[in-house]
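Engineer: One structure coming up, written as structure tokens, with questions to follow.
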Amino acid sequence: MTNPRWKQRPPGSNWGDFGPDDQWGRLNLITREKLRQGLAEATEGIAFCLSLPLDYPGGNALNPRRYPPILRPTVRDGRPNFNCVIEGSDGTDVFNDDLAILWLQYSTQWDSLAHVGAQFDADGDGVAERVYYNGFRAGTEVLGPTGRHAVPPYRLRPAGARHGPDARSGGAA
């Protein structure tokens, strides 16, 4: 089984099992039928939240470069955009405009299949390439700052997985 990005896949991987351009992996197995089966298991009709606070359980013992989330208001005209009156309204509407800065592995894992890859001989030429799930390539489809110690401004080159219909516009795929 091959695709345009690889001639051989890692042993035991599911690269290509869901098509040459797949970016979902085994999440493809969560079909509408499987969702209906799961819903049918409910017997009490009780709903509960499975989410945790963004800073729980917290800690950066595994990686000291990860920090708790930063929550703050946005800034408008040099002032916090908080408890503001909407301009042009009758003066009764007030709002807060917040932002969050997240280190995606500080607490829970906010990941993608482009989070961890491998150096693997995907081309079958004896040379290991940096590849991620389904053969997506570092520096081609998975972009980021270049160099081991790249420094800001990172905006010179958008970082992230860039494959699919939004790739040219900078949207994540």
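By order of appearance in the structure tokens: chains A, B, ..., then residues from 1 within every chain, and ligands from 1 in the order shown.
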Determine, counting only C-alpha atoms, which protein, DNA and RNA residues have an atom within 12 Å of an atom of A:Gly124; residues of the same chain fewer than 5 positions away are not included. Present the result as a PyMOL selection string.

Structural biologist: chain A and resi 2+5-10+129

Engineer: Let me see the file: selected residues, N, CA, C and O atoms, as a PDB file, in the first residue's frame.

Structural biologist:
```
ATOM      1  N   THR A   2       0.708   2.126  -0.944  1.00  0.00           N
ATOM      2  CA  THR A   2       1.517   3.340  -1.015  1.00  0.00           C
ATOM      3  C   THR A   2       0.609   4.546  -1.194  1.00  0.00           C
ATOM      4  O   THR A   2      -0.575   4.415  -1.479  1.00  0.00           O
ATOM      5  N   ARG A   5       2.987  10.365  -0.572  1.00  0.00           N
ATOM      6  CA  ARG A   5       3.975  10.820   0.403  1.00  0.00           C
ATOM      7  C   ARG A   5       4.873   9.715   0.930  1.00  0.00           C
ATOM      8  O   ARG A   5       5.832   9.982   1.626  1.00  0.00           O
ATOM      9  N   TRP A   6       4.560   8.446   0.659  1.00  0.00           N
ATOM     10  CA  TRP A   6       5.390   7.364   1.170  1.00  0.00           C
ATOM     11  C   TRP A   6       5.295   6.113   0.319  1.00  0.00           C
ATOM     12  O   TRP A   6       4.285   5.857  -0.328  1.00  0.00           O
ATOM     13  N   LYS A   7       6.388   5.343   0.323  1.00  0.00           N
ATOM     14  CA  LYS A   7       6.413   4.055  -0.364  1.00  0.00           C
ATOM     15  C   LYS A   7       6.282   2.919   0.627  1.00  0.00           C
ATOM     16  O   LYS A   7       5.874   1.826   0.265  1.00  0.00           O
ATOM     17  N   GLN A   8       6.691   3.161   1.866  1.00  0.00           N
ATOM     18  CA  GLN A   8       6.513   2.161   2.918  1.00  0.00           C
ATOM     19  C   GLN A   8       6.062   2.862   4.186  1.00  0.00           C
ATOM     20  O   GLN A   8       6.393   4.013   4.425  1.00  0.00           O
ATOM     21  N   ARG A   9       5.259   2.151   4.964  1.00  0.00           N
ATOM     22  CA  ARG A   9       4.751   2.727   6.200  1.00  0.00           C
ATOM     23  C   ARG A   9       5.395   2.008   7.385  1.00  0.00           C
ATOM     24  O   ARG A   9       5.834   0.866   7.256  1.00  0.00           O
ATOM     25  N   PRO A  10       5.398   2.656   8.545  1.00  0.00           N
ATOM     26  CA  PRO A  10       5.993   2.004   9.714  1.00  0.00           C
ATOM     27  C   PRO A  10       5.252   0.706  10.047  1.00  0.00           C
ATOM     28  O   PRO A  10       4.031   0.629   9.889  1.00  0.00           O
ATOM     29  N   GLU A 129      13.321  10.235   6.806  1.00  0.00           N
ATOM     30  CA  GLU A 129      12.747  11.573   6.691  1.00  0.00           C
ATOM     31  C   GLU A 129      11.957  11.866   7.962  1.00  0.00           C
ATOM     32  O   GLU A 129      11.503  10.951   8.634  1.00  0.00           O
TER      33      GLU A 129
END
```

Engineer: With stretch 22-37 of chain A as the partner and 12 Å as the cut-off, tabulate the residues of stretch 94-129 of chain A that qualify, each row holding the nearest pair of atoms and their distance in Å to one decimal, using only C-alpha atoms, sorted by chain and rising number, as a tab-separated table.

Structural biologist:
```
residue	atom	partner	partner_atom	distance
A:Asp111	CA	A:Trp24	CA	11.8
A:Ser112	CA	A:Trp24	CA	8.7
A:Leu113	CA	A:Gln23	CA	7.1
A:Ala114	CA	A:Gln23	CA	8.9
```

Engineer: Go ahead and save the picked residues with C-alpha atoms, as a CSV table (one decimal), in the first residue's frame.

Structural biologist:
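Printed below is part07.csv as written:
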```csv
chain,number,residue,atom,x,y,z
A,111,ASP,CA,-3.1,17.4,20.2
A,112,SER,CA,-3.3,16.3,16.6
A,113,LEU,CA,-1.7,13.6,14.5
A,114,ALA,CA,1.0,16.1,13.6
```

Engineer: Kindly give the distance, in Å, that separates atom CA of A:Asp21 and atom CA of A:Ala118, rounded to a single decimal.

Structural biologist: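 Spanning atom CA of A:Asp21 to atom CA of A:Ala118 is a straight-line distance of 18.3 Å.
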
Engineer: Just list as an mmCIF file with N, CA, C and O atoms, in the first residue's frame whatever in stretch 7-146 of chain A DSSP marks as strand (DSSP E).

Structural biologist:
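Listed below is the output, states_5.cif:
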```cif
data_model
loop_
_atom_site.group_PDB
_atom_site.id
_atom_site.type_symbol
_atom_site.label_atom_id
_atom_site.label_comp_id
_atom_site.auth_asym_id
_atom_site.auth_seq_id
_atom_site.Cartn_x
_atom_site.Cartn_y
_atom_site.Cartn_z
ATOM 1 N N ILE A 70 -2.965 31.616 30.377
ATOM 2 C CA ILE A 70 -3.050 33.042 30.692
ATOM 3 C C ILE A 70 -4.402 33.518 30.180
ATOM 4 O O ILE A 70 -4.686 33.400 28.983
ATOM 5 N N LEU A 71 -5.232 33.990 31.066
ATOM 6 C CA LEU A 71 -6.547 34.517 30.695
ATOM 7 C C LEU A 71 -6.535 36.008 30.980
ATOM 8 O O LEU A 71 -6.178 36.440 32.073
ATOM 9 N N ARG A 72 -6.921 36.798 29.989
ATOM 10 C CA ARG A 72 -6.923 38.246 30.171
ATOM 11 C C ARG A 72 -7.847 38.885 29.147
ATOM 12 O O ARG A 72 -8.213 38.256 28.154
ATOM 13 N N PRO A 73 -8.199 40.147 29.373
ATOM 14 C CA PRO A 73 -9.026 40.827 28.371
ATOM 15 C C PRO A 73 -8.172 41.248 27.170
ATOM 16 O O PRO A 73 -6.963 41.409 27.279
ATOM 17 N N VAL A 75 -7.229 44.133 24.296
ATOM 18 C CA VAL A 75 -6.948 45.555 24.486
ATOM 19 C C VAL A 75 -7.554 46.324 23.326
ATOM 20 O O VAL A 75 -7.438 45.925 22.164
ATOM 21 N N ARG A 76 -8.218 47.432 23.637
ATOM 22 C CA ARG A 76 -8.785 48.322 22.628
ATOM 23 C C ARG A 76 -8.341 49.735 22.964
ATOM 24 O O ARG A 76 -8.572 50.205 24.079
ATOM 25 N N ARG A 79 -6.491 50.187 26.238
ATOM 26 C CA ARG A 79 -7.163 49.906 27.510
ATOM 27 C C ARG A 79 -7.786 48.516 27.467
ATOM 28 O O ARG A 79 -8.164 48.028 26.399
ATOM 29 N N PRO A 80 -7.918 47.862 28.646
ATOM 30 C CA PRO A 80 -8.566 46.543 28.673
ATOM 31 C C PRO A 80 -9.988 46.620 28.114
ATOM 32 O O PRO A 80 -10.747 47.519 28.451
ATOM 33 N N CYS A 84 -17.150 46.964 28.978
ATOM 34 C CA CYS A 84 -17.290 48.060 28.014
ATOM 35 C C CYS A 84 -18.746 48.197 27.557
ATOM 36 O O CYS A 84 -19.496 47.227 27.523
ATOM 37 N N VAL A 85 -19.105 49.408 27.189
ATOM 38 C CA VAL A 85 -20.409 49.676 26.601
ATOM 39 C C VAL A 85 -20.240 49.595 25.089
ATOM 40 O O VAL A 85 -19.280 50.112 24.531
ATOM 41 N N VAL A 94 -23.330 45.777 27.780
ATOM 42 C CA VAL A 94 -21.932 45.789 28.184
ATOM 43 C C VAL A 94 -21.320 44.436 27.830
ATOM 44 O O VAL A 94 -22.029 43.442 27.697
ATOM 45 N N PHE A 95 -20.015 44.416 27.663
ATOM 46 C CA PHE A 95 -19.366 43.162 27.268
ATOM 47 C C PHE A 95 -17.939 43.106 27.789
ATOM 48 O O PHE A 95 -17.348 44.120 28.180
ATOM 49 N N ASP A 98 -12.403 38.565 25.903
ATOM 50 C CA ASP A 98 -11.304 37.849 26.536
ATOM 51 C C ASP A 98 -10.417 37.156 25.524
ATOM 52 O O ASP A 98 -10.821 36.888 24.398
ATOM 53 N N LEU A 99 -9.222 36.814 25.986
ATOM 54 C CA LEU A 99 -8.352 35.954 25.204
ATOM 55 C C LEU A 99 -7.702 34.967 26.148
ATOM 56 O O LEU A 99 -7.596 35.205 27.352
ATOM 57 N N ALA A 100 -7.292 33.827 25.606
ATOM 58 C CA ALA A 100 -6.588 32.808 26.374
ATOM 59 C C ALA A 100 -5.335 32.415 25.610
ATOM 60 O O ALA A 100 -5.379 32.201 24.402
ATOM 61 N N ILE A 101 -4.232 32.337 26.316
ATOM 62 C CA ILE A 101 -2.993 31.822 25.751
ATOM 63 C C ILE A 101 -2.775 30.467 26.413
ATOM 64 O O ILE A 101 -2.735 30.367 27.638
ATOM 65 N N ALA A 118 8.097 10.800 13.490
ATOM 66 C CA ALA A 118 9.296 9.982 13.608
ATOM 67 C C ALA A 118 10.223 10.279 12.449
ATOM 68 O O ALA A 118 9.803 10.794 11.412
ATOM 69 N N GLN A 119 11.462 9.955 12.639
ATOM 70 C CA GLN A 119 12.392 9.919 11.519
ATOM 71 C C GLN A 119 12.304 8.494 10.986
ATOM 72 O O GLN A 119 12.682 7.539 11.667
ATOM 73 N N PHE A 120 11.753 8.374 9.802
ATOM 74 C CA PHE A 120 11.430 7.070 9.245
ATOM 75 C C PHE A 120 11.700 7.088 7.746
ATOM 76 O O PHE A 120 11.426 8.082 7.067
ATOM 77 N N GLU A 129 13.321 10.235 6.806
ATOM 78 C CA GLU A 129 12.747 11.573 6.691
ATOM 79 C C GLU A 129 11.957 11.866 7.962
ATOM 80 O O GLU A 129 11.503 10.951 8.634
ATOM 81 N N ARG A 130 11.747 13.156 8.261
ATOM 82 C CA ARG A 130 10.885 13.538 9.371
ATOM 83 C C ARG A 130 9.447 13.509 8.865
ATOM 84 O O ARG A 130 9.060 14.316 8.025
ATOM 85 N N VAL A 131 8.686 12.547 9.374
ATOM 86 C CA VAL A 131 7.314 12.363 8.914
ATOM 87 C C VAL A 131 6.365 12.212 10.101
ATOM 88 O O VAL A 131 6.764 11.839 11.200
ATOM 89 N N VAL A 142 3.757 20.060 7.523
ATOM 90 C CA VAL A 142 3.826 20.443 8.937
ATOM 91 C C VAL A 142 4.916 21.504 9.048
ATOM 92 O O VAL A 142 6.099 21.204 9.004
ATOM 93 N N LEU A 143 4.464 22.769 9.162
ATOM 94 C CA LEU A 143 5.378 23.900 9.096
ATOM 95 C C LEU A 143 5.592 24.521 10.465
ATOM 96 O O LEU A 143 4.735 24.457 11.327
#
```

Engineer: Mind pulling up the distance from atom CA of A:Val127 to atom CA of A:Gly16?

Structural biologist: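 Going from atom CA of A:Gly16 over to atom CA of A:Val127, I get 20.8 Å.
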
Engineer: Rounded to one decimal in Å, what is the spacing between atom CA of A:Asp121 and atom CA of A:Gly12?

Structural biologist: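 Computing the Euclidean distance for atom CA of A:Asp121 and atom CA of A:Gly12 yields 14.7 Å.
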
Engineer: Identify, on the basis of only C-alpha atoms, every residue whose closest approach to stretch 57-65 of chain A does not exceed 12 Å; exclude the query and any residue fewer than 3 positions from it along the same chain; express the result as a PDB file with all heavy atoms, in the first residue's frame.

Structural biologist:
```pdb
ATOM      1  N   SER A  51     -15.330  17.822  30.828  1.00  0.00           N
ATOM      2  CA  SER A  51     -14.191  18.716  30.693  1.00  0.00           C
ATOM      3  C   SER A  51     -13.608  19.054  32.056  1.00  0.00           C
ATOM      4  O   SER A  51     -14.256  18.918  33.089  1.00  0.00           O
ATOM      5  CB  SER A  51     -14.590  19.992  29.956  1.00  0.00           C
ATOM      6  OG  SER A  51     -15.463  20.755  30.761  1.00  0.00           O
ATOM      7  N   LEU A  52     -12.379  19.468  32.049  1.00  0.00           N
ATOM      8  CA  LEU A  52     -11.677  19.899  33.255  1.00  0.00           C
ATOM      9  C   LEU A  52     -11.261  21.350  33.069  1.00  0.00           C
ATOM     10  O   LEU A  52     -11.121  21.829  31.935  1.00  0.00           O
ATOM     11  CB  LEU A  52     -10.423  19.047  33.474  1.00  0.00           C
ATOM     12  CG  LEU A  52     -10.634  17.567  33.789  1.00  0.00           C
ATOM     13  CD1 LEU A  52      -9.292  16.842  33.797  1.00  0.00           C
ATOM     14  CD2 LEU A  52     -11.324  17.404  35.129  1.00  0.00           C
ATOM     15  N   PRO A  53     -11.004  22.063  34.141  1.00  0.00           N
ATOM     16  CA  PRO A  53     -10.452  23.411  33.990  1.00  0.00           C
ATOM     17  C   PRO A  53      -9.142  23.350  33.188  1.00  0.00           C
ATOM     18  O   PRO A  53      -8.407  22.354  33.242  1.00  0.00           O
ATOM     19  CB  PRO A  53     -10.189  23.846  35.434  1.00  0.00           C
ATOM     20  CG  PRO A  53     -11.096  23.002  36.267  1.00  0.00           C
ATOM     21  CD  PRO A  53     -11.213  21.686  35.530  1.00  0.00           C
ATOM     22  N   LEU A  54      -8.851  24.390  32.445  1.00  0.00           N
ATOM     23  CA  LEU A  54      -7.678  24.393  31.576  1.00  0.00           C
ATOM     24  C   LEU A  54      -6.362  24.242  32.336  1.00  0.00           C
ATOM     25  O   LEU A  54      -5.355  23.866  31.756  1.00  0.00           O
ATOM     26  CB  LEU A  54      -7.644  25.682  30.746  1.00  0.00           C
ATOM     27  CG  LEU A  54      -8.783  25.859  29.747  1.00  0.00           C
ATOM     28  CD1 LEU A  54      -8.677  27.210  29.068  1.00  0.00           C
ATOM     29  CD2 LEU A  54      -8.795  24.732  28.735  1.00  0.00           C
ATOM     30  N   PRO A  68       0.916  27.514  32.958  1.00  0.00           N
ATOM     31  CA  PRO A  68      -0.548  27.552  33.071  1.00  0.00           C
ATOM     32  C   PRO A  68      -1.133  28.520  32.049  1.00  0.00           C
ATOM     33  O   PRO A  68      -0.445  29.421  31.558  1.00  0.00           O
ATOM     34  CB  PRO A  68      -0.794  28.072  34.486  1.00  0.00           C
ATOM     35  CG  PRO A  68       0.498  28.048  35.196  1.00  0.00           C
ATOM     36  CD  PRO A  68       1.581  27.979  34.166  1.00  0.00           C
ATOM     37  N   PRO A  69      -2.408  28.360  31.727  1.00  0.00           N
ATOM     38  CA  PRO A  69      -3.055  29.275  30.781  1.00  0.00           C
ATOM     39  C   PRO A  69      -3.030  30.705  31.304  1.00  0.00           C
ATOM     40  O   PRO A  69      -3.063  30.941  32.510  1.00  0.00           O
ATOM     41  CB  PRO A  69      -4.488  28.775  30.690  1.00  0.00           C
ATOM     42  CG  PRO A  69      -4.588  27.579  31.535  1.00  0.00           C
ATOM     43  CD  PRO A  69      -3.326  27.360  32.248  1.00  0.00           C
ATOM     44  N   TRP A 103      -0.641  26.727  26.582  1.00  0.00           N
ATOM     45  CA  TRP A 103       0.383  25.750  26.247  1.00  0.00           C
ATOM     46  C   TRP A 103      -0.390  24.443  26.155  1.00  0.00           C
ATOM     47  O   TRP A 103      -0.953  23.967  27.136  1.00  0.00           O
ATOM     48  CB  TRP A 103       1.459  25.694  27.343  1.00  0.00           C
ATOM     49  CG  TRP A 103       2.434  26.810  27.234  1.00  0.00           C
ATOM     50  CD1 TRP A 103       3.684  26.728  26.698  1.00  0.00           C
ATOM     51  CD2 TRP A 103       2.264  28.174  27.654  1.00  0.00           C
ATOM     52  NE1 TRP A 103       4.296  27.963  26.758  1.00  0.00           N
ATOM     53  CE2 TRP A 103       3.447  28.870  27.343  1.00  0.00           C
ATOM     54  CE3 TRP A 103       1.233  28.893  28.252  1.00  0.00           C
ATOM     55  CZ2 TRP A 103       3.626  30.210  27.605  1.00  0.00           C
ATOM     56  CZ3 TRP A 103       1.404  30.222  28.517  1.00  0.00           C
ATOM     57  CH2 TRP A 103       2.594  30.871  28.192  1.00  0.00           C
ATOM     58  N   LEU A 104      -0.463  23.866  24.976  1.00  0.00           N
ATOM     59  CA  LEU A 104      -1.422  22.804  24.698  1.00  0.00           C
ATOM     60  C   LEU A 104      -1.139  21.484  25.409  1.00  0.00           C
ATOM     61  O   LEU A 104      -1.959  20.585  25.367  1.00  0.00           O
ATOM     62  CB  LEU A 104      -1.537  22.580  23.194  1.00  0.00           C
ATOM     63  CG  LEU A 104      -2.025  23.805  22.421  1.00  0.00           C
ATOM     64  CD1 LEU A 104      -2.112  23.504  20.940  1.00  0.00           C
ATOM     65  CD2 LEU A 104      -3.363  24.287  22.949  1.00  0.00           C
ATOM     66  N   GLN A 105       0.001  21.357  26.071  1.00  0.00           N
ATOM     67  CA  GLN A 105       0.268  20.152  26.839  1.00  0.00           C
ATOM     68  C   GLN A 105       0.555  20.478  28.301  1.00  0.00           C
ATOM     69  O   GLN A 105       1.182  19.705  29.001  1.00  0.00           O
ATOM     70  CB  GLN A 105       1.450  19.370  26.259  1.00  0.00           C
ATOM     71  CG  GLN A 105       1.149  18.713  24.943  1.00  0.00           C
ATOM     72  CD  GLN A 105       1.288  19.676  23.778  1.00  0.00           C
ATOM     73  OE1 GLN A 105       2.108  20.563  23.788  1.00  0.00           O
ATOM     74  NE2 GLN A 105       0.465  19.490  22.767  1.00  0.00           N
ATOM     75  N   TYR A 106       0.111  21.619  28.809  1.00  0.00           N
ATOM     76  CA  TYR A 106       0.324  21.943  30.223  1.00  0.00           C
ATOM     77  C   TYR A 106      -0.532  21.061  31.117  1.00  0.00           C
ATOM     78  O   TYR A 106      -0.087  20.545  32.121  1.00  0.00           O
ATOM     79  CB  TYR A 106       0.009  23.420  30.506  1.00  0.00           C
ATOM     80  CG  TYR A 106       0.046  23.751  31.987  1.00  0.00           C
ATOM     81  CD1 TYR A 106       1.268  23.896  32.626  1.00  0.00           C
ATOM     82  CD2 TYR A 106      -1.108  23.881  32.730  1.00  0.00           C
ATOM     83  CE1 TYR A 106       1.322  24.164  33.985  1.00  0.00           C
ATOM     84  CE2 TYR A 106      -1.065  24.146  34.081  1.00  0.00           C
ATOM     85  CZ  TYR A 106       0.148  24.294  34.708  1.00  0.00           C
ATOM     86  OH  TYR A 106       0.199  24.549  36.039  1.00  0.00           O
ATOM     87  N   SER A 107      -1.769  20.886  30.756  1.00  0.00           N
ATOM     88  CA  SER A 107      -2.698  20.137  31.583  1.00  0.00           C
ATOM     89  C   SER A 107      -3.171  18.936  30.786  1.00  0.00           C
ATOM     90  O   SER A 107      -2.510  17.934  30.706  1.00  0.00           O
ATOM     91  CB  SER A 107      -3.868  21.030  31.988  1.00  0.00           C
ATOM     92  OG  SER A 107      -4.807  20.316  32.731  1.00  0.00           O
ATOM     93  N   THR A 108      -4.295  19.058  30.147  1.00  0.00           N
ATOM     94  CA  THR A 108      -4.775  18.000  29.280  1.00  0.00           C
ATOM     95  C   THR A 108      -3.997  18.070  27.967  1.00  0.00           C
ATOM     96  O   THR A 108      -3.265  19.022  27.730  1.00  0.00           O
ATOM     97  CB  THR A 108      -6.290  18.161  29.059  1.00  0.00           C
ATOM     98  OG1 THR A 108      -6.764  17.019  28.357  1.00  0.00           O
ATOM     99  CG2 THR A 108      -6.614  19.416  28.288  1.00  0.00           C
ATOM    100  N   GLN A 109      -4.133  17.102  27.101  1.00  0.00           N
ATOM    101  CA  GLN A 109      -3.462  17.116  25.803  1.00  0.00           C
ATOM    102  C   GLN A 109      -4.411  17.640  24.743  1.00  0.00           C
ATOM    103  O   GLN A 109      -5.461  17.057  24.512  1.00  0.00           O
ATOM    104  CB  GLN A 109      -3.023  15.703  25.406  1.00  0.00           C
ATOM    105  CG  GLN A 109      -1.836  15.153  26.117  1.00  0.00           C
ATOM    106  CD  GLN A 109      -0.537  15.834  25.759  1.00  0.00           C
ATOM    107  OE1 GLN A 109       0.080  16.415  26.616  1.00  0.00           O
ATOM    108  NE2 GLN A 109      -0.098  15.778  24.535  1.00  0.00           N
TER     109      GLN A 109
END
```

Engineer: With distances taken over only C-alpha atoms, which of A:Ser89, A:Asn3, A:Thr43, A:Asn83 is nearest to A:Phe136?

Structural biologist: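 Once distances to A:Phe136 are computed over only C-alpha atoms, the minimum belongs to A:Asn3.
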